[in-house]
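Notes follow the structure.
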Amino acid sequence: MRTIGYTTARVWGFCYFYDWVNPDPRRVARLDYFLLAGVLGGATAGILTNPVDLIFNRMQVDEMYPSQARRNYRSFLDGLFKVQEEGVLFRGAGANALRVAMLSATMTGIYDYAKESSYYFFGPHWINRLWATAGACLVGTIASMPF
């Protein structure tokens, strides 16, 4: 549920904001358009999926707590209802939004630029996607780590 919600929100947000920033139907790939759409789409995804992330993380670390401090969520829905009762549904949403925004903004533009640039050297080859993905993941990880 976490992956489906996060990926759908991130991709939808990026596509929506890219269409908003660049209404040109020819889709001229500009790095500043990618960055702005990535930041806005990533921040939107980070805020919308924060409750899912919060419950997922709490369920993972629950066994590490002493028995009197455990939350004992029975399922995701049980956790969602308990978190809503506590009033902390969007606790940490700002930091999560910044993390996902930096990840989305840096990876999208770098991937597209690297893939298009390598086409001139290697032609239509699978290696273009491989090295573009590796470079984008490296830069995205470094950029999102402070958050």
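FYI, nothing fancy with the structure tokens labels: chains A, B, ... in order, residues from 1 per chain, ligands from 1 as they appear.
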Test item: residues at most 8 Å from Gly135 of chain A, only C-alpha atoms, excluding those fewer than 2 positions along its chain, as a list in words: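 Using only C-alpha atoms, the neighbours found are Ile110, Tyr111, Ala114, Trp131, Ala132, Thr133, Cys137, Leu138 and Val139 of chain A.
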Would you put the residues from that selection into a file with C-alpha atoms, as a PDB file, in the first residue's frame?
ATOM      1  CA  ILE A 110      19.365  13.764 -14.144  1.00  0.00           C
ATOM      2  CA  TYR A 111      17.859  10.549 -15.500  1.00  0.00           C
ATOM      3  CA  ALA A 114      21.818  11.290 -18.909  1.00  0.00           C
ATOM      4  CA  TRP A 131      23.761   4.146 -16.416  1.00  0.00           C
ATOM      5  CA  ALA A 132      21.168   6.944 -16.365  1.00  0.00           C
ATOM      6  CA  THR A 133      19.308   5.154 -13.558  1.00  0.00           C
ATOM      7  CA  CYS A 137      19.856   7.204  -7.958  1.00  0.00           C
ATOM      8  CA  LEU A 138      23.276   8.285  -6.711  1.00  0.00           C
ATOM      9  CA  VAL A 139      22.498  11.990  -6.999  1.00  0.00           C
TER      10      VAL A 139
END
Non-local contacts of segment 5-18 of chain A (8 Å; only C-alpha atoms; under 2 positions in same chain excluded) as a PyMOL selection string: chain A and resi 1-3+20-23+33-34+36-38+40-42+44-46+48-49+104
For atom CA of His125 of chain A and atom CA of Asp24 of chain A, the interatomic separation in Å (one decimal):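 These two atoms are separated by 28.2 Å.
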All helix (DSSP H, G or I) positions in chain A, as a PyMOL selection string: chain A and resi 2-21+31-48+50-64+67-69+76-86+93-122+127-144
Restricting it to C-alpha atoms, dump the selection as a CSV table (one decimal), in the first residue's frame.
chain,number,residue,atom,x,y,z
A,2,ARG,CA,2.9,2.3,0.8
A,3,THR,CA,4.6,1.8,-2.5
A,4,ILE,CA,1.5,2.0,-4.6
A,5,GLY,CA,0.3,5.2,-2.8
A,6,TYR,CA,3.7,6.9,-2.9
A,7,THR,CA,4.6,6.0,-6.5
A,8,THR,CA,1.1,7.0,-7.8
A,9,ALA,CA,1.2,10.3,-6.0
A,10,ARG,CA,4.7,11.1,-7.0
A,11,VAL,CA,4.2,10.3,-10.7
A,12,TRP,CA,0.8,12.0,-10.8
A,13,GLY,CA,2.2,15.1,-9.1
A,14,PHE,CA,5.2,15.3,-11.4
A,15,CYS,CA,3.1,14.8,-14.6
A,16,TYR,CA,0.5,17.3,-13.4
A,17,PHE,CA,3.0,20.0,-12.4
A,18,TYR,CA,5.1,19.4,-15.6
A,19,ASP,CA,2.0,20.0,-17.7
A,20,TRP,CA,1.3,23.1,-15.7
A,21,VAL,CA,4.9,24.5,-16.0
A,31,LEU,CA,16.2,21.1,-16.6
A,32,ASP,CA,14.5,23.9,-14.7
A,33,TYR,CA,11.0,22.5,-15.7
A,34,PHE,CA,12.1,19.1,-14.5
A,35,LEU,CA,13.3,20.5,-11.2
A,36,LEU,CA,10.2,22.6,-10.5
A,37,ALA,CA,7.8,19.8,-11.4
A,38,GLY,CA,9.9,17.3,-9.4
A,39,VAL,CA,9.9,19.5,-6.3
A,40,LEU,CA,6.2,20.3,-6.5
A,41,GLY,CA,5.2,16.7,-7.3
A,42,GLY,CA,7.5,15.2,-4.7
A,43,ALA,CA,6.3,17.6,-2.0
A,44,THR,CA,2.7,16.7,-2.8
A,45,ALA,CA,3.5,13.0,-2.7
A,46,GLY,CA,5.4,13.4,0.6
A,47,ILE,CA,2.5,15.2,2.3
A,48,LEU,CA,-0.3,12.9,0.9
A,50,ASN,CA,2.9,10.8,5.2
A,51,PRO,CA,0.2,8.9,7.2
A,52,VAL,CA,1.0,5.7,5.3
A,53,ASP,CA,4.7,6.2,5.9
A,54,LEU,CA,4.2,7.0,9.6
A,55,ILE,CA,2.1,3.8,10.2
A,56,PHE,CA,4.6,1.7,8.2
A,57,ASN,CA,7.5,2.9,10.2
A,58,ARG,CA,5.7,2.5,13.6
A,59,MET,CA,4.7,-1.1,12.7
A,60,GLN,CA,8.3,-1.9,11.8
A,61,VAL,CA,9.9,-0.7,15.0
A,62,ASP,CA,7.1,-1.8,17.4
A,63,GLU,CA,8.9,-5.0,18.3
A,64,MET,CA,12.0,-3.1,19.4
A,67,SER,CA,6.2,-4.1,26.0
A,68,GLN,CA,4.6,-1.2,27.8
A,69,ALA,CA,5.5,1.3,25.1
A,76,PHE,CA,-2.8,-0.9,8.6
A,77,LEU,CA,-6.4,0.3,9.2
A,78,ASP,CA,-6.1,-0.2,12.9
A,79,GLY,CA,-3.0,1.9,12.9
A,80,LEU,CA,-4.6,4.5,10.8
A,81,PHE,CA,-7.5,4.8,13.2
A,82,LYS,CA,-5.2,5.0,16.2
A,83,VAL,CA,-3.0,7.6,14.7
A,84,GLN,CA,-6.0,9.7,13.7
A,85,GLU,CA,-7.3,9.4,17.3
A,86,GLU,CA,-3.9,10.6,18.6
A,93,ALA,CA,4.9,15.7,6.9
A,94,GLY,CA,7.2,18.7,6.2
A,95,ALA,CA,10.4,16.7,6.5
A,96,ASN,CA,8.9,13.9,4.5
A,97,ALA,CA,7.8,16.4,1.8
A,98,LEU,CA,11.3,17.9,1.6
A,99,ARG,CA,12.9,14.4,1.3
A,100,VAL,CA,10.6,13.2,-1.4
A,101,ALA,CA,10.8,16.6,-3.2
A,102,MET,CA,14.6,16.5,-3.3
A,103,LEU,CA,14.6,12.9,-4.4
A,104,SER,CA,12.0,13.5,-7.2
A,105,ALA,CA,13.5,16.7,-8.4
A,106,THR,CA,17.1,15.5,-8.7
A,107,MET,CA,16.4,12.0,-10.0
A,108,THR,CA,13.9,13.0,-12.8
A,109,GLY,CA,16.1,15.7,-14.5
A,110,ILE,CA,19.4,13.8,-14.1
A,111,TYR,CA,17.9,10.5,-15.5
A,112,ASP,CA,16.3,12.2,-18.5
A,113,TYR,CA,19.5,14.3,-19.3
A,114,ALA,CA,21.8,11.3,-18.9
A,115,LYS,CA,19.6,9.0,-21.0
A,116,GLU,CA,19.3,11.5,-23.8
A,117,SER,CA,23.0,12.4,-23.8
A,118,SER,CA,24.2,8.8,-23.9
A,119,TYR,CA,22.0,8.1,-26.9
A,120,TYR,CA,24.6,10.0,-29.0
A,121,PHE,CA,27.4,7.8,-27.8
A,122,PHE,CA,25.8,4.3,-27.6
A,127,ILE,CA,22.9,0.5,-21.4
A,128,ASN,CA,21.5,4.1,-21.7
A,129,ARG,CA,18.8,3.4,-19.1
A,130,LEU,CA,21.1,1.5,-16.8
A,131,TRP,CA,23.8,4.1,-16.4
A,132,ALA,CA,21.2,6.9,-16.4
A,133,THR,CA,19.3,5.2,-13.6
A,134,ALA,CA,22.5,4.5,-11.6
A,135,GLY,CA,23.6,8.2,-11.9
A,136,ALA,CA,20.1,9.5,-11.0
A,137,CYS,CA,19.9,7.2,-8.0
A,138,LEU,CA,23.3,8.3,-6.7
A,139,VAL,CA,22.5,12.0,-7.0
A,140,GLY,CA,19.0,11.6,-5.6
A,141,THR,CA,20.2,9.6,-2.6
A,142,ILE,CA,22.9,12.2,-1.8
A,143,ALA,CA,20.4,15.1,-2.2
A,144,SER,CA,17.7,13.5,0.0
Distance in Å - atom CA of Met145 of chain A versus atom CA of Arg71 of chain A: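 A separation of 27.7 Å between them.
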d(atom CA of Tyr65 of chain A, atom CA of Phe147 of chain A) in Å: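 If I compute the distance from atom CA of Tyr65 of chain A to atom CA of Phe147 of chain A, I get 24.3 Å.
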